[in-house]
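File shown here: coords-v7.txt, holding compact mmCIF, C-alpha atoms.
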# COMPACT_ATOMS: atom_id res chain seq x y z
CA MET Q 1134 0.00 0.00 0.00
CA LYS Q 1135 2.92 2.29 0.69
CA PRO Q 1136 4.72 3.04 -2.59
CA ALA Q 1137 7.50 0.61 -1.69
CA MET Q 1138 9.97 -0.72 -4.24
CA GLU Q 1139 9.64 -4.33 -3.13
CA LYS Q 1140 5.93 -4.30 -3.95
CA LEU Q 1141 6.57 -2.79 -7.33
CA PHE Q 1142 9.07 -5.51 -8.20
CA ALA Q 1143 6.97 -8.32 -6.71
CA GLY Q 1144 4.04 -7.37 -8.89
CA GLY Q 1145 6.01 -6.22 -11.92
CA VAL Q 1146 4.33 -8.41 -14.51
CA ALA Q 1147 0.85 -7.76 -13.18
CA VAL Q 1148 1.55 -4.05 -13.07
CA LEU Q 1149 2.59 -3.96 -16.70
CA VAL Q 1150 -0.41 -6.00 -17.82
CA ALA Q 1151 -2.89 -3.94 -15.83
CA GLY Q 1152 -1.22 -0.66 -16.67
CA VAL Q 1153 -1.18 -1.26 -20.41
CA LEU Q 1154 -4.32 -3.31 -20.91
CA VAL Q 1155 -6.59 -1.93 -18.21
CA LEU Q 1156 -5.60 1.55 -17.13
CA GLY Q 1157 -2.97 2.65 -19.59
CA VAL Q 1158 -0.96 4.42 -16.91
CA ALA Q 1159 2.58 4.12 -15.57
CA GLY Q 1160 4.29 4.80 -12.27
CA LEU Q 1161 1.93 2.68 -10.17
CA ASP Q 1162 2.19 2.95 -6.39
CA ARG Q 1163 1.31 -0.71 -5.76
CA PRO Q 1164 0.65 -3.76 -7.94
CA VAL Q 1165 -2.60 -3.69 -9.89
CA HIS Q 1166 -3.72 -7.02 -11.29
CA ALA Q 1167 -5.76 -7.42 -14.44
CA ALA Q 1168 -8.59 -9.24 -12.66
CA ALA Q 1169 -11.82 -7.26 -12.38
CA ALA Q 1170 -12.56 -5.55 -9.08
CA ALA Q 1171 -15.17 -7.43 -7.05
CA PRO Q 1172 -18.66 -6.00 -7.63
CA ALA Q 1173 -20.64 -4.63 -4.72
CA VAL Q 1174 -23.53 -6.73 -3.45
CA GLU Q 1175 -26.93 -5.72 -2.14
CA VAL Q 1176 -27.51 -6.90 1.40
CA PRO Q 1177 -30.72 -6.85 3.48
CA ALA Q 1178 -31.15 -4.23 6.17
CA PRO Q 1179 -30.21 -5.40 9.67
CA SER Q 1180 -33.19 -6.65 11.66
CA GLY Q 1181 -33.86 -7.57 15.27
CA ILE Q 1182 -30.95 -6.82 17.61
CA ALA Q 1183 -28.78 -6.18 14.56
CA ASP Q 1184 -30.78 -3.01 13.91
CA LEU Q 1185 -28.85 -1.02 16.53
CA ARG Q 1186 -29.92 2.63 16.75
CA GLN Q 1187 -28.28 3.98 19.99
CA PRO Q 1188 -30.93 6.63 20.85
CA GLY Q 1189 -29.62 9.62 22.81
CA VAL Q 1190 -26.01 8.94 21.76
CA HIS Q 1191 -24.34 11.59 19.61
CA ARG Q 1192 -20.80 10.22 19.40
CA ALA Q 1193 -19.83 6.58 19.01
CA ARG Q 1194 -16.88 4.65 17.63
CA VAL Q 1195 -16.16 1.35 15.95
CA VAL Q 1196 -13.20 -0.05 14.04
CA PHE Q 1197 -13.72 -1.79 10.70
CA ALA Q 1198 -11.06 -3.97 9.03
CA GLY Q 1199 -11.76 -4.93 5.44
CA GLY Q 1200 -8.57 -5.07 3.41
CA CYS Q 1201 -6.48 -2.10 2.33
CA PHE Q 1202 -7.40 0.80 4.60
CA TRP Q 1203 -7.21 3.31 1.74
CA GLY Q 1204 -10.55 2.18 0.34
CA VAL Q 1205 -12.20 1.48 3.69
CA GLN Q 1206 -11.38 4.99 4.88
CA GLY Q 1207 -12.39 6.51 1.56
CA VAL Q 1208 -15.86 4.96 1.62
CA PHE Q 1209 -16.67 5.96 5.19
CA GLN Q 1210 -15.44 9.50 4.59
CA HIS Q 1211 -18.30 9.81 2.09
CA VAL Q 1212 -20.98 8.59 4.55
CA LYS Q 1213 -23.21 11.26 6.09
CA GLY Q 1214 -23.05 11.22 9.87
CA VAL Q 1215 -19.46 9.96 9.97
CA ASP Q 1216 -17.42 12.64 11.73
CA SER Q 1217 -14.06 10.97 11.28
CA ALA Q 1218 -12.53 7.92 9.60
CA VAL Q 1219 -8.90 7.30 10.53
CA SER Q 1220 -6.68 4.65 8.95
CA GLY Q 1221 -4.62 2.61 11.37
CA TYR Q 1222 -3.70 -0.73 12.90
CA ILE Q 1223 -5.41 -2.94 15.47
CA GLY Q 1224 -4.83 -6.34 17.00
CA GLY Q 1225 -1.13 -6.14 17.83
CA SER Q 1226 1.27 -4.15 20.00
CA GLY Q 1227 2.12 -0.48 19.81
CA ALA Q 1228 5.72 -1.32 19.00
CA ASP Q 1229 4.59 -3.13 15.85
CA ALA Q 1230 2.10 -0.49 14.72
CA ARG Q 1231 4.27 0.57 11.79
CA TYR Q 1232 3.49 -0.09 8.16
CA PRO Q 1233 6.72 -1.99 7.32
CA ARG Q 1234 6.16 -4.33 10.28
CA VAL Q 1235 2.44 -4.83 9.70
CA SER Q 1236 3.17 -5.67 6.06
CA ALA Q 1237 5.13 -8.73 7.21
CA SER Q 1238 1.78 -10.32 8.24
CA ASN Q 1239 3.09 -11.54 11.60
CA THR Q 1240 2.32 -8.72 14.03
CA GLY Q 1241 -1.30 -9.60 14.77
CA HIS Q 1242 -2.35 -6.23 13.42
CA ALA Q 1243 -5.02 -5.66 10.80
CA GLU Q 1244 -5.15 -2.62 8.57
CA ALA Q 1245 -8.30 -0.95 9.84
CA VAL Q 1246 -10.28 2.28 10.04
CA GLN Q 1247 -11.61 3.83 13.22
CA VAL Q 1248 -15.01 5.35 12.43
CA THR Q 1249 -16.42 8.03 14.72
CA TYR Q 1250 -20.06 8.73 13.95
CA ASP Q 1251 -23.23 10.43 15.17
CA PRO Q 1252 -25.93 7.75 15.69
CA SER Q 1253 -28.62 10.42 15.39
CA ARG Q 1254 -27.54 10.91 11.75
CA VAL Q 1255 -26.34 7.46 10.71
CA SER Q 1256 -27.15 4.31 12.65
CA TYR Q 1257 -24.73 1.52 13.46
CA ALA Q 1258 -27.01 -0.74 11.44
CA GLN Q 1259 -26.51 1.48 8.36
CA LEU Q 1260 -22.73 1.49 8.84
CA MET Q 1261 -22.79 -2.30 8.91
CA GLN Q 1262 -24.79 -2.42 5.69
CA VAL Q 1263 -22.18 -0.26 3.98
CA PHE Q 1264 -19.32 -2.32 5.41
CA PHE Q 1265 -20.71 -5.68 4.35
CA SER Q 1266 -21.84 -4.58 0.89
CA VAL Q 1267 -19.65 -1.93 -0.75
CA VAL Q 1268 -16.55 -1.73 1.46
CA HIS Q 1269 -15.26 -5.28 1.07
CA ASP Q 1270 -16.03 -8.93 0.42
CA PRO Q 1271 -16.63 -10.48 3.86
CA THR Q 1272 -16.22 -14.04 2.56
CA GLN Q 1273 -12.50 -13.60 1.88
CA ARG Q 1274 -10.25 -14.86 4.68
CA ASP Q 1275 -6.96 -13.04 5.28
CA ARG Q 1276 -7.10 -11.40 1.89
CA GLN Q 1277 -9.02 -8.79 -0.04
CA GLY Q 1278 -8.83 -8.31 -3.76
CA PRO Q 1279 -5.16 -8.41 -4.82
CA ASP Q 1280 -3.86 -8.18 -1.24
CA ARG Q 1281 -2.84 -11.25 0.76
CA GLY Q 1282 -2.00 -11.62 4.44
CA SER Q 1283 -3.64 -11.63 7.85
CA GLN Q 1284 -3.41 -7.83 7.98
CA TYR Q 1285 -6.13 -7.76 5.32
CA ARG Q 1286 -8.63 -9.79 7.33
CA SER Q 1287 -12.31 -8.96 7.66
CA ALA Q 1288 -13.11 -7.91 11.23
CA VAL Q 1289 -15.14 -5.55 13.38
CA TYR Q 1290 -13.60 -4.29 16.63
CA ALA Q 1291 -16.18 -2.81 18.98
CA ASP Q 1292 -15.64 -2.05 22.64
CA ASP Q 1293 -19.39 -1.56 23.11
CA ALA Q 1294 -21.22 -4.82 23.93
CA ALA Q 1295 -24.34 -3.74 22.03
CA GLN Q 1296 -22.27 -3.10 18.89
CA ARG Q 1297 -20.63 -6.52 19.17
CA ALA Q 1298 -23.98 -8.25 19.66
CA ALA Q 1299 -25.48 -6.36 16.72
CA THR Q 1300 -22.53 -7.24 14.50
CA GLN Q 1301 -22.69 -10.95 15.28
CA ALA Q 1302 -26.46 -10.94 14.79
CA TYR Q 1303 -26.06 -9.27 11.40
CA ILE Q 1304 -23.40 -11.75 10.32
CA ASP Q 1305 -25.81 -14.56 11.23
CA GLN Q 1306 -28.61 -12.80 9.36
CA LEU Q 1307 -26.48 -12.40 6.24
CA GLN Q 1308 -25.40 -16.03 6.40
CA ARG Q 1309 -29.04 -17.18 6.58
CA SER Q 1310 -30.07 -14.84 3.77
CA GLY Q 1311 -27.97 -16.63 1.18
CA VAL Q 1312 -26.74 -13.34 -0.29
CA PHE Q 1313 -23.19 -14.66 -0.14
CA ALA Q 1314 -22.36 -18.01 -1.69
CA ALA Q 1315 -19.54 -18.67 0.79
CA PRO Q 1316 -19.43 -18.45 4.60
CA LEU Q 1317 -18.59 -15.05 6.03
CA ALA Q 1318 -15.07 -14.79 7.45
CA THR Q 1319 -15.65 -11.62 9.48
CA ARG Q 1320 -14.36 -11.72 13.06
CA VAL Q 1321 -16.01 -9.82 15.90
CA ASP Q 1322 -13.70 -8.57 18.63
CA GLY Q 1323 -13.17 -5.77 21.11
CA GLY Q 1324 -10.89 -4.44 23.81
CA LYS Q 1325 -7.99 -3.88 21.40
CA PRO Q 1326 -6.11 -0.56 21.18
CA PHE Q 1327 -6.22 1.24 17.85
CA TYR Q 1328 -3.07 2.91 16.53
CA PRO Q 1329 -3.37 5.59 13.81
CA ALA Q 1330 -1.34 4.87 10.68
CA GLU Q 1331 1.38 7.09 9.31
CA ASP Q 1332 0.21 10.42 7.93
CA TYR Q 1333 0.95 9.47 4.32
CA HIS Q 1334 -1.77 6.81 4.55
CA GLN Q 1335 -4.46 9.25 5.75
CA ASN Q 1336 -6.94 10.56 3.15
CA TYR Q 1337 -5.08 8.52 0.54
CA LEU Q 1338 -8.06 7.93 -1.74
CA ALA Q 1339 -9.03 11.62 -1.72
CA LEU Q 1340 -5.46 12.81 -2.29
CA HIS Q 1341 -4.49 10.27 -4.94
CA PRO Q 1342 -7.61 9.59 -7.06
CA ASP Q 1343 -5.48 8.99 -10.17
CA ALA Q 1344 -3.31 6.30 -8.59
CA ALA Q 1345 -3.88 3.06 -10.50
CA TYR Q 1346 -4.73 1.00 -7.39
CA ILE Q 1347 -7.28 3.60 -6.26
CA ARG Q 1348 -8.86 3.90 -9.71
CA PHE Q 1349 -9.15 0.17 -10.21
CA TYR Q 1350 -10.10 -1.13 -6.75
CA ASP Q 1351 -11.37 1.73 -4.61
CA LEU Q 1352 -13.18 4.34 -6.71
CA PRO Q 1353 -15.75 1.69 -7.77
CA LYS Q 1354 -16.60 1.37 -4.07
CA ILE Q 1355 -17.38 5.08 -3.87
CA GLU Q 1356 -19.61 4.77 -6.93
CA ALA Q 1357 -21.35 1.76 -5.38
CA LEU Q 1358 -21.98 3.72 -2.17
CA LYS Q 1359 -23.51 6.57 -4.16
CA ARG Q 1360 -25.65 4.18 -6.20
CA GLN Q 1361 -26.83 1.82 -3.44
CA TYR Q 1362 -27.16 4.29 -0.55
CA PRO Q 1363 -27.94 7.70 -2.06
CA ALA Q 1364 -29.48 8.95 1.18
CA LEU Q 1365 -26.23 8.23 3.04
CA TYR Q 1366 -23.83 9.51 0.40
CA ARG Q 1367 -22.15 12.90 0.64
CA ASP Q 1368 -20.11 14.19 -2.25
CA ALA Q 1369 -17.39 15.98 -0.26
CA PRO Q 1370 -15.42 13.50 1.90
CA ARG Q 1371 -14.84 14.28 5.58
CA LEU Q 1372 -11.05 14.34 5.64
CA VAL Q 1373 -8.91 13.95 8.75
CA MET Q 1374 -6.08 16.14 9.91
CA PRO Q 1375 -2.61 14.62 10.33
CA VAL Q 1376 -2.92 12.19 13.22
CA SER Q 1377 0.62 10.97 13.88
CA VAL Q 1378 4.23 12.05 13.81
CA ARG Q 1379 5.52 8.85 12.24

Could the structure of this file be written out as structure tokens, please?
Amino acid sequence: MKPAMEKLFAGGVAVLVAGVLVLGVAGLDRPVHAAAAAPAVEVPAPSGIADLRQPGVHRARVVFAGGCFWGVQGVFQHVKGVDSAVSGYIGGSGADARYPRVSASNTGHAEAVQVTYDPSRVSYAQLMQVFFSVVHDPTQRDRQGPDRGSQYRSAVYADDAAQRAATQAYIDQLQRSGVFAAPLATRVDGGKPFYPAEDYHQNYLALHPDAAYIRFYDLPKIEALKRQYPALYRDAPRLVMPVSVR
């Protein structure tokens, strides 16, 4: 995800194929493979305890992990009622919360996004719908699109017991619905510290819309959000200020 030379070399052939045949651009910041980006799916609205509304609460947080945090952050920055979406790491130690270490896939960390939202404007149930439909493919285990490794796992980290219960209930509901052909791989967890990622990862989609990876894998997610949830979509993303000194 960082424009690192080892990733450029590792995906050299795929980069050339995708760059020439798909995007026609050069100077890619990470490998782009010629396979089509996964289409968004339409999921049912959460029901029962999954339909968490949090009345009287005006500030709540949850951490979503669903592959490369560039796209996850980018989608939630376009959701009305989301006050902040910060890219970062969760699941491992503070000493390992650095991109080069997390990229080794052995730190316990997931690339994730901490979403701070106003439940009076967007419900937790609506955030889950967005997460499980347009943000990522929840059936993929320890991978997402072209990215491989445990840091790309599907997970929801919620310190609030009601959020955790709602998430598990919604996963069960989605599994029963048959919307997904494969079992969902999403983990539900809590009580883990979140560490903001380096500043160059923040607002990456908004700042680099012409980057090949963003154009091929992440901008379609923004279009899917606008198409499937027009009432939730806002055109101007809610960007975050620099959050770290790393």

Looking at Q:Val1208, Q:Cys1201, Q:Val1219, Q:Val1373, which one is nearest to Q:Val1263, with distances taken over only C-alpha atoms?
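Of the candidates, the smallest distance to Q:Val1263 is held by Q:Val1208.
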
I'd like to know which of Q:Leu1352, Q:Ala1178, Q:Leu1358, Q:Val1215 is closest to Q:Gln1262, using all atoms listed in the file.
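With all atoms listed in the file as the atom set, the closest residue is Q:Ala1178.
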
Could you please determine the separation between atom CA of Q:Gln1361 and atom CA of Q:Met1374 in Å, to one decimal place?
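About the pair atom CA of Q:Gln1361 and atom CA of Q:Met1374: they are 28.5 Å apart.
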
What does the structure give for the distance between atom CA of Q:Gly1200 and atom CA of Q:Val1255, in Å to one decimal?
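Atom-to-atom, atom CA of Q:Gly1200 to atom CA of Q:Val1255, that is 22.9 Å.
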
Long-range neighbours of Q:Leu1340 as a ChimeraX atom specification, 12 Å cut-off, all atoms listed in the file, 3 positions minimum in chain:
/Q:1203,1207,1332-1337,1343-1344,1347,1370,1372-1373

Excluding Q:Ala1315 and residues on its chain fewer than 3 positions from it, collect all residues at most 12 Å away from it, counting all atoms listed in the file, and give them as a short mmCIF file (atom, residue, chain, number, x, y, z; two decimals) with C-alpha atoms, in the coordinates of the input.
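New file selection.cif:
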data_model
loop_
_atom_site.label_atom_id
_atom_site.label_comp_id
_atom_site.auth_asym_id
_atom_site.auth_seq_id
_atom_site.Cartn_x
_atom_site.Cartn_y
_atom_site.Cartn_z
CA ASP Q 1270 -16.03 -8.93 0.42
CA PRO Q 1271 -16.63 -10.48 3.86
CA THR Q 1272 -16.22 -14.04 2.56
CA GLN Q 1273 -12.50 -13.60 1.88
CA ARG Q 1274 -10.25 -14.86 4.68
CA LEU Q 1307 -26.48 -12.40 6.24
CA GLN Q 1308 -25.40 -16.03 6.40
CA ARG Q 1309 -29.04 -17.18 6.58
CA SER Q 1310 -30.07 -14.84 3.77
CA GLY Q 1311 -27.97 -16.63 1.18
CA VAL Q 1312 -26.74 -13.34 -0.29
CA ALA Q 1318 -15.07 -14.79 7.45
CA THR Q 1319 -15.65 -11.62 9.48
#

Kindly indicate which residue among Q:Ala1295, Q:Ala1230, Q:Met1261, Q:Gly1204 lies nearest to Q:Glu1356, using all atoms listed in the file for the distances.
Q:Gly1204

Quick one: everything within 6 Å of Q:Glu1244, counting only C-alpha atoms, minus sequence neighbours fewer than 6 positions away in the same chain. Send it as a VMD selection string.
chain Q and resid 1202 1221 to 1222 1284

Enumerate, in order of chain and increasing residue number, the residues of stretch 1243-1330 of chain Q with an atom no farther than 6 Å from stretch 1191-1194 of chain Q, each with its shortest atom pair and distance in Å to one decimal, counting all atoms listed in the file, as JSON lines.
{"residue": "Q:Val1248", "atom": "CA", "partner": "Q:Arg1194", "partner_atom": "CA", "distance": 5.6}
{"residue": "Q:Thr1249", "atom": "CA", "partner": "Q:Arg1194", "partner_atom": "CA", "distance": 4.5}
{"residue": "Q:Tyr1250", "atom": "CA", "partner": "Q:Ala1193", "partner_atom": "CA", "distance": 5.5}
{"residue": "Q:Asp1251", "atom": "CA", "partner": "Q:His1191", "partner_atom": "CA", "distance": 4.7}
{"residue": "Q:Pro1252", "atom": "CA", "partner": "Q:His1191", "partner_atom": "CA", "distance": 5.7}

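The nearest approach to Q:Ala1369 among the residues Q:Ala1345, Q:Ile1182, Q:Ile1304, Q:Ile1355, with all atoms listed in the file taken into account, belongs to Q:Ile1355.
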
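If all atoms listed in the file are the atoms counted, then among Q:Ala1228, Q:Val1268, Q:Val1321, Q:Leu1338 the closest residue to Q:Ala1294 is Q:Val1321.
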